[in-house]
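What follows is one structure encoded as structure tokens, with my remarks underneath.
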Number of protein chains: 2
Amino acid sequence: MTSPEREYVRSHLDDLHADLDAWLRIPSISADPALAPEVARSAEWLAEALRRIGFPTVEIWPTPGAPAVYAEWPSADPGAPVALVYGHHDVQPVDPLELWVHPPFEPTVVEGADGPELHARGAIDDKGNVAMHLLGMRAHLAATGRDTPAVTVKLLIEGEEESGSPHFADLLRERRDRLDCDVVVVSDTGMAAPHLPSAVTSMRGLADAEITLRGPAVDLHSGSFGGAVPNPLHALAELLASLHDDKGRVTLPGFYDKVRPLSDRERELMSRVPFDEAEWLAGPAAGSVAAGEAGFSTLERLGARPTGEVNGIWGGYQGPGHKTIIPAEAHAKLTFRLVADQRPEDVAEQVKAWVEANLPEGVEAEVHAPPGGVAPCASDLDSPWMAALLTAIAQAWDGAPDDVLFLKEGGSGPEADLVEQLGAPLVFLGAGLPTDRIHSPNERVLLSMLHRGAEAVAHLWRELAGVRRG
Amino acid sequence: MTSPEREYVRSHLDDLHADLDAWLRIPSISADPALAPEVARSAEWLAEALRRIGFPTVEIWPTPGAPAVYAEWPSADPGAPVALVYGHHDVQPVDPLELWVHPPFEPTVVEGADGPELHARGAIDDKGNVAMHLLGMRAHLAATGRDTPAVTVKLLIEGEEESGSPHFADLLRERRDRLDCDVVVVSDTGMAAPHLPSAVTSMRGLADAEITLRGPAVDLHSGSFGGAVPNPLHALAELLASLHDDKGRVTLPGFYDKVRPLSDRERELMSRVPFDEAEWLAGPAAGSVAAGEAGFSTLERLGARPTGEVNGIWGGYQGPGHKTIIPAEAHAKLTFRLVADQRPEDVAEQVKAWVEANLPEGVEAEVHAPPGGVAPCASDLDSPWMAALLTAIAQAWDGAPDDVLFLKEGGSGPEADLVEQLGAPLVFLGAGLPTDRIHSPNERVLLSMLHRGAEAVAHLWRELAGVRRG
């Protein structure tokens, strides 16, 4: 179904491709301190691009780490809603480099089963998703014949997302007065498949804890002490084995108290998402099997249920051969994925109580559960902002709003900070695909997804203008 | 109770002290490749000392590692039994060096609560124990007025005991024709207290295994996979938590099948050994509590019962902060202390069966259980060799043979190779004390223990001559 927005996008694809080609050549890996100048150059490039298409206010916001880019284009319409776009301009590291078919910072178009693909680090995560907004804004203005957008558009594109956004919450606090908005549009996610337009509706939160168990004051000789004093490694194994019950449920006291039960409607919506479990298991999980909390599907386990995972353990001797010791210490790192309405700060307390309750005599524990963590966040499925998003996506993907699938994202990100500090609802518009190999060699974006994404941006600014401000 | 042996020892203590002073200045740390020349020099020193006191045959036996010293002094008496002394001339590393009050290779006499002590690395383990044999042999010859000892005495003093005796079994095989003997005298152990003459009667064996569990093909993102596929760290925790039952017994199938039950007489003999559990726990185990197999005392757990210990674990992320992964692999190193008549090769099979039986779906295991291991060994309490040993110890320590305590050594060593390959019974004559800080900074020997030990050697060669050869 064509539209002025689509006409404009389709006749200006070369601009989108040229922009991305230039931007993707900048290796803005935020995790590599040696590349800090490149991350700065990436911010400069984006700022210049935003100025070029007409944003009247474009600023580079320094942080103690990498800089963010902020831009603002007020609508001339009094009372127009304010939308704030979140994305990031830094990218993941590229190792193992030898697995890349094309150099990661030399964008290359490859013909694939679903049409042309652009291969490069950041092609979709997140430069592709952000670049959609450059052409999308131009299409919106051209299609509606306006000088200013129908809604006030703010962009906040950070430079440290791939490093865990360590300064993002502080940045939001410091710049709070500039960031007032009615809705946050997160452009850092994706859809279920090229022909299955979809919208993420929630992300899980995250809490982490490090546990140290201490037994004897020093490593003991197992010939002189073995079998007669507690071994902290045994205590750790028993503790961690008790983290889940036989139904796969996390045993921290009170862990599920604030979990919003999945409604029948949510389960029905989730069940519509096509998911080939065998194919999923054959991917990076190769050799694994589906396993988890009893009574829930894999998609529900991944997106809608909280988890506890041990991410690392260590203690005692790890070198060649054997060393007959009872080690003085044992260690474990755990993270918990949270869903609405769990609070990361509650989990820290729950971990401490659980460890205390499961400690054998003669072993002491230290639990380091850093404050903060990431809160879970979720869109309101029935809000007018969501209705506007669904209309925009449906138009760009040639479907009906009711056919747009709802996805629950299992990961966690700084989006929760936006909700907490800006107090605005979130909607997600991203053009990625599960097969895009983000964070892996040969990251790609399907160009047709980018084109539709740019069109959806143009529709979205028009649709959001009709929403009455809360 | 004086004797010609004691008279001789007491009037030649300066020789013993001078010998030890010279030998202890050689830093023969076998674990440090840079000190290989010093280990060789230590062997040369010992060979020269043995020649000096009259051993007609003294040889240095090279190995692919450090050299052993072999000496032989045949008795002129036809039909005299043959005794083979085992000890070692290498020593433990000295770090942390800053904790030594006196430099470890500058032997220093210090006045202690129980009389003069000699402080140096190797003071008792094992140069002190071996040096007793130099003066002891001279005292035996002088006291009995003989030109040759009453029994044929062979010494085999290896240079790699503190590195796990990696070439000792091969050495025994290669030199088997030289090593025929009727009894092995191990001089590498100790007694319960200065005034509690005692004899070790058994040592535990050792089997080791390394377990690798594999789940997904690569580390997975816990946001994308967490809660929906098996985590090898969870599987490892459950596996290791199942290594012991709620009675503290090892759960490997068949693990206890060949364990000789403790007889009432053995338990009675063990209970005579004074043991202050609170003091023991206040030592290196500081902060620990007694814990282990139900139904056995701490001394029984340490010396007379088999154990399973996890010595090391690792897997996943161990760096600062957190990393939200489900790791591809998890690892553990285990050792098992064995008692008669367990066989290390059985344990390897038992570990494999146990792992297989406790593996969740989606996790694969690899068990590396090296062949070999160390068999447990035990003296026959009722043999005439043991009677001779008890008489010799009793005389040197001014007691009665029936008062000599029996100790069960919880550790494991190459002694089992001697039993297996030479087919001779073992007795233990050593002058160490639990408070001698072997393997730790400020290792010492109580000089009075060394003096009595040298005297006991002299008595032993006389007593053994009366034993009819099997």
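Residues are referred to by chain and number: the chain letter is A, B, ... according to the order shown in the structure tokens, the number counts from 1 in that chain, and ligands are numbered separately from 1 in the order shown.
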
What lies within 6 Å of segment 26-34 of chain A using only C-alpha atoms, ignoring chain neighbours under 2 positions off, as a CSV table (one decimal) with all heavy atoms, in the first residue's frame?
```csv
chain,number,residue,atom,x,y,z
A,23,TRP,N,29.1,6.1,7.9
A,23,TRP,CA,29.0,5.9,9.3
A,23,TRP,C,29.6,4.6,9.8
A,23,TRP,O,30.4,4.5,10.8
A,23,TRP,CB,27.6,6.1,9.8
A,23,TRP,CG,27.4,6.4,11.3
A,23,TRP,CD1,28.4,6.8,12.1
A,23,TRP,CD2,26.2,6.4,12.0
A,23,TRP,NE1,27.9,7.0,13.4
A,23,TRP,CE2,26.5,6.8,13.3
A,23,TRP,CE3,24.9,6.0,11.7
A,23,TRP,CZ2,25.5,6.8,14.3
A,23,TRP,CZ3,23.9,6.1,12.7
A,23,TRP,CH2,24.3,6.5,14.0
A,24,LEU,N,29.3,3.5,9.0
A,24,LEU,CA,29.7,2.2,9.4
A,24,LEU,C,31.3,2.0,9.2
A,24,LEU,O,31.8,1.1,9.7
A,24,LEU,CB,29.0,1.1,8.6
A,24,LEU,CG,27.5,0.9,8.9
A,24,LEU,CD1,26.8,0.0,7.9
A,24,LEU,CD2,27.4,0.4,10.4
A,36,ALA,N,38.6,5.2,21.5
A,36,ALA,CA,37.8,6.3,22.0
A,36,ALA,C,37.7,7.4,20.9
A,36,ALA,O,36.6,8.0,20.7
A,36,ALA,CB,38.3,6.8,23.3
A,38,GLU,N,37.6,7.2,17.8
A,38,GLU,CA,36.7,6.7,16.8
A,38,GLU,C,35.2,6.9,17.2
A,38,GLU,O,34.3,7.2,16.5
A,38,GLU,CB,37.0,5.3,16.3
A,38,GLU,CG,38.4,5.1,15.7
A,38,GLU,CD,38.5,5.9,14.4
A,38,GLU,OE1,37.5,6.1,13.7
A,38,GLU,OE2,39.7,6.2,14.1
A,39,VAL,N,35.0,6.6,18.5
A,39,VAL,CA,33.7,6.7,19.1
A,39,VAL,C,33.3,8.2,19.0
A,39,VAL,O,32.2,8.6,18.7
A,39,VAL,CB,33.6,6.2,20.5
A,39,VAL,CG1,32.1,6.3,21.0
A,39,VAL,CG2,34.0,4.7,20.5
A,90,ASP,N,27.6,3.5,19.3
A,90,ASP,CA,28.8,2.7,19.5
A,90,ASP,C,28.5,1.3,19.1
A,90,ASP,O,27.3,0.9,18.9
A,90,ASP,CB,29.3,2.7,21.0
A,90,ASP,CG,28.3,2.1,21.9
A,90,ASP,OD1,27.1,2.4,21.8
A,90,ASP,OD2,28.6,1.4,22.9
A,91,VAL,N,29.5,0.5,18.8
A,91,VAL,CA,29.3,-0.9,18.3
A,91,VAL,C,30.0,-1.9,19.2
A,91,VAL,O,30.9,-1.6,19.9
A,91,VAL,CB,29.7,-1.0,16.8
A,91,VAL,CG1,28.8,-0.1,16.0
A,91,VAL,CG2,31.2,-0.8,16.7
A,92,GLN,N,29.7,-3.2,19.0
A,92,GLN,CA,30.4,-4.3,19.7
A,92,GLN,C,31.8,-4.5,19.1
A,92,GLN,O,32.1,-4.1,17.9
A,92,GLN,CB,29.6,-5.6,19.4
A,92,GLN,CG,28.5,-5.9,20.3
A,92,GLN,CD,29.0,-6.5,21.6
A,92,GLN,OE1,29.8,-7.4,21.6
A,92,GLN,NE2,28.5,-5.9,22.7
A,93,PRO,N,32.7,-5.1,19.9
A,93,PRO,CA,34.0,-5.5,19.3
A,93,PRO,C,33.8,-6.5,18.2
A,93,PRO,O,32.7,-7.0,18.0
A,93,PRO,CB,34.6,-6.2,20.5
A,93,PRO,CG,34.0,-5.7,21.7
A,93,PRO,CD,32.6,-5.4,21.3
A,160,GLU,N,27.8,4.4,24.7
A,160,GLU,CA,28.3,3.4,25.6
A,160,GLU,C,27.4,2.2,25.8
A,160,GLU,O,27.6,1.5,26.8
A,160,GLU,CB,28.7,4.0,27.0
A,160,GLU,CG,29.7,5.1,26.9
A,160,GLU,CD,30.2,5.6,28.3
A,160,GLU,OE1,29.3,6.0,29.1
A,160,GLU,OE2,31.4,5.5,28.5
A,163,SER,N,29.0,-1.1,26.1
A,163,SER,CA,29.8,-1.2,27.3
A,163,SER,C,29.0,-1.2,28.6
A,163,SER,O,29.5,-1.0,29.7
A,163,SER,CB,30.8,-0.1,27.4
A,163,SER,OG,31.7,-0.2,26.2
```

Report as a PyMOL selection string the set of chain B residues whose atoms approach chain A to within 7 Å, with distances computed over only C-alpha atoms.
chain B and resi 215-218+220+223-230+233-234+237-238+240-241+284-292+298+301-302+307+309-318+323-327+335+362+410-412

For Gly115 of chain B, work out the shell of residues within 9 Å, counting only C-alpha atoms and skipping chain neighbours fewer than 6 positions away, then give it as a VMD selection string.
chain B and resid 446 to 448

Residues of segment 36-165 of chain B classed as alpha helix (DSSP H) by DSSP on the backbone are to be reported as JSON, numbers by chain.
{"B": [36, 37, 38, 39, 40, 41, 42, 43, 44, 45, 46, 47, 48, 49, 50, 51, 52, 53, 127, 128, 129, 130, 131, 132, 133, 134, 135, 136, 137, 138, 139, 140, 141, 142, 143, 144]}

Secondary structure check, strand (DSSP E or B) residues of segment 84-326 of chain B, as a PyMOL selection string
chain B and resi 84-88+91+108-112+115-119+152-158+183-186+190+193+196+198-203+205-214+220-221+244+250+307-316+325-326

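Going from atom CA of Pro107 of chain B to atom CA of Arg444 of chain B covers 9.3 Å.
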
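The closest residue to Glu279 of chain A, picked from A:Thr201, A:Thr144, A:Ser42, A:Thr435 and counting only C-alpha atoms, is A:Thr435.
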
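Picture a line from atom CA of Pro4 of chain B to atom CA of Pro401 of chain B; it runs 19.2 Å.
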
If we count only C-alpha atoms, what is near Asp177 of chain A at a cut-off of 12 Å, once residues fewer than 6 positions away on the same chain are taken out, given as a PDB file with C-alpha atoms, in the first residue's frame?
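Contents of the output file out_32.pdb:
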```pdb
ATOM      1  CA  LEU A 171      23.518  11.721  31.922  1.00  0.00           C
ATOM      2  CA  GLN A 421      13.837   8.966  35.070  1.00  0.00           C
ATOM      3  CA  LEU A 422      11.654  10.431  32.355  1.00  0.00           C
TER       4      LEU A 422
END
```
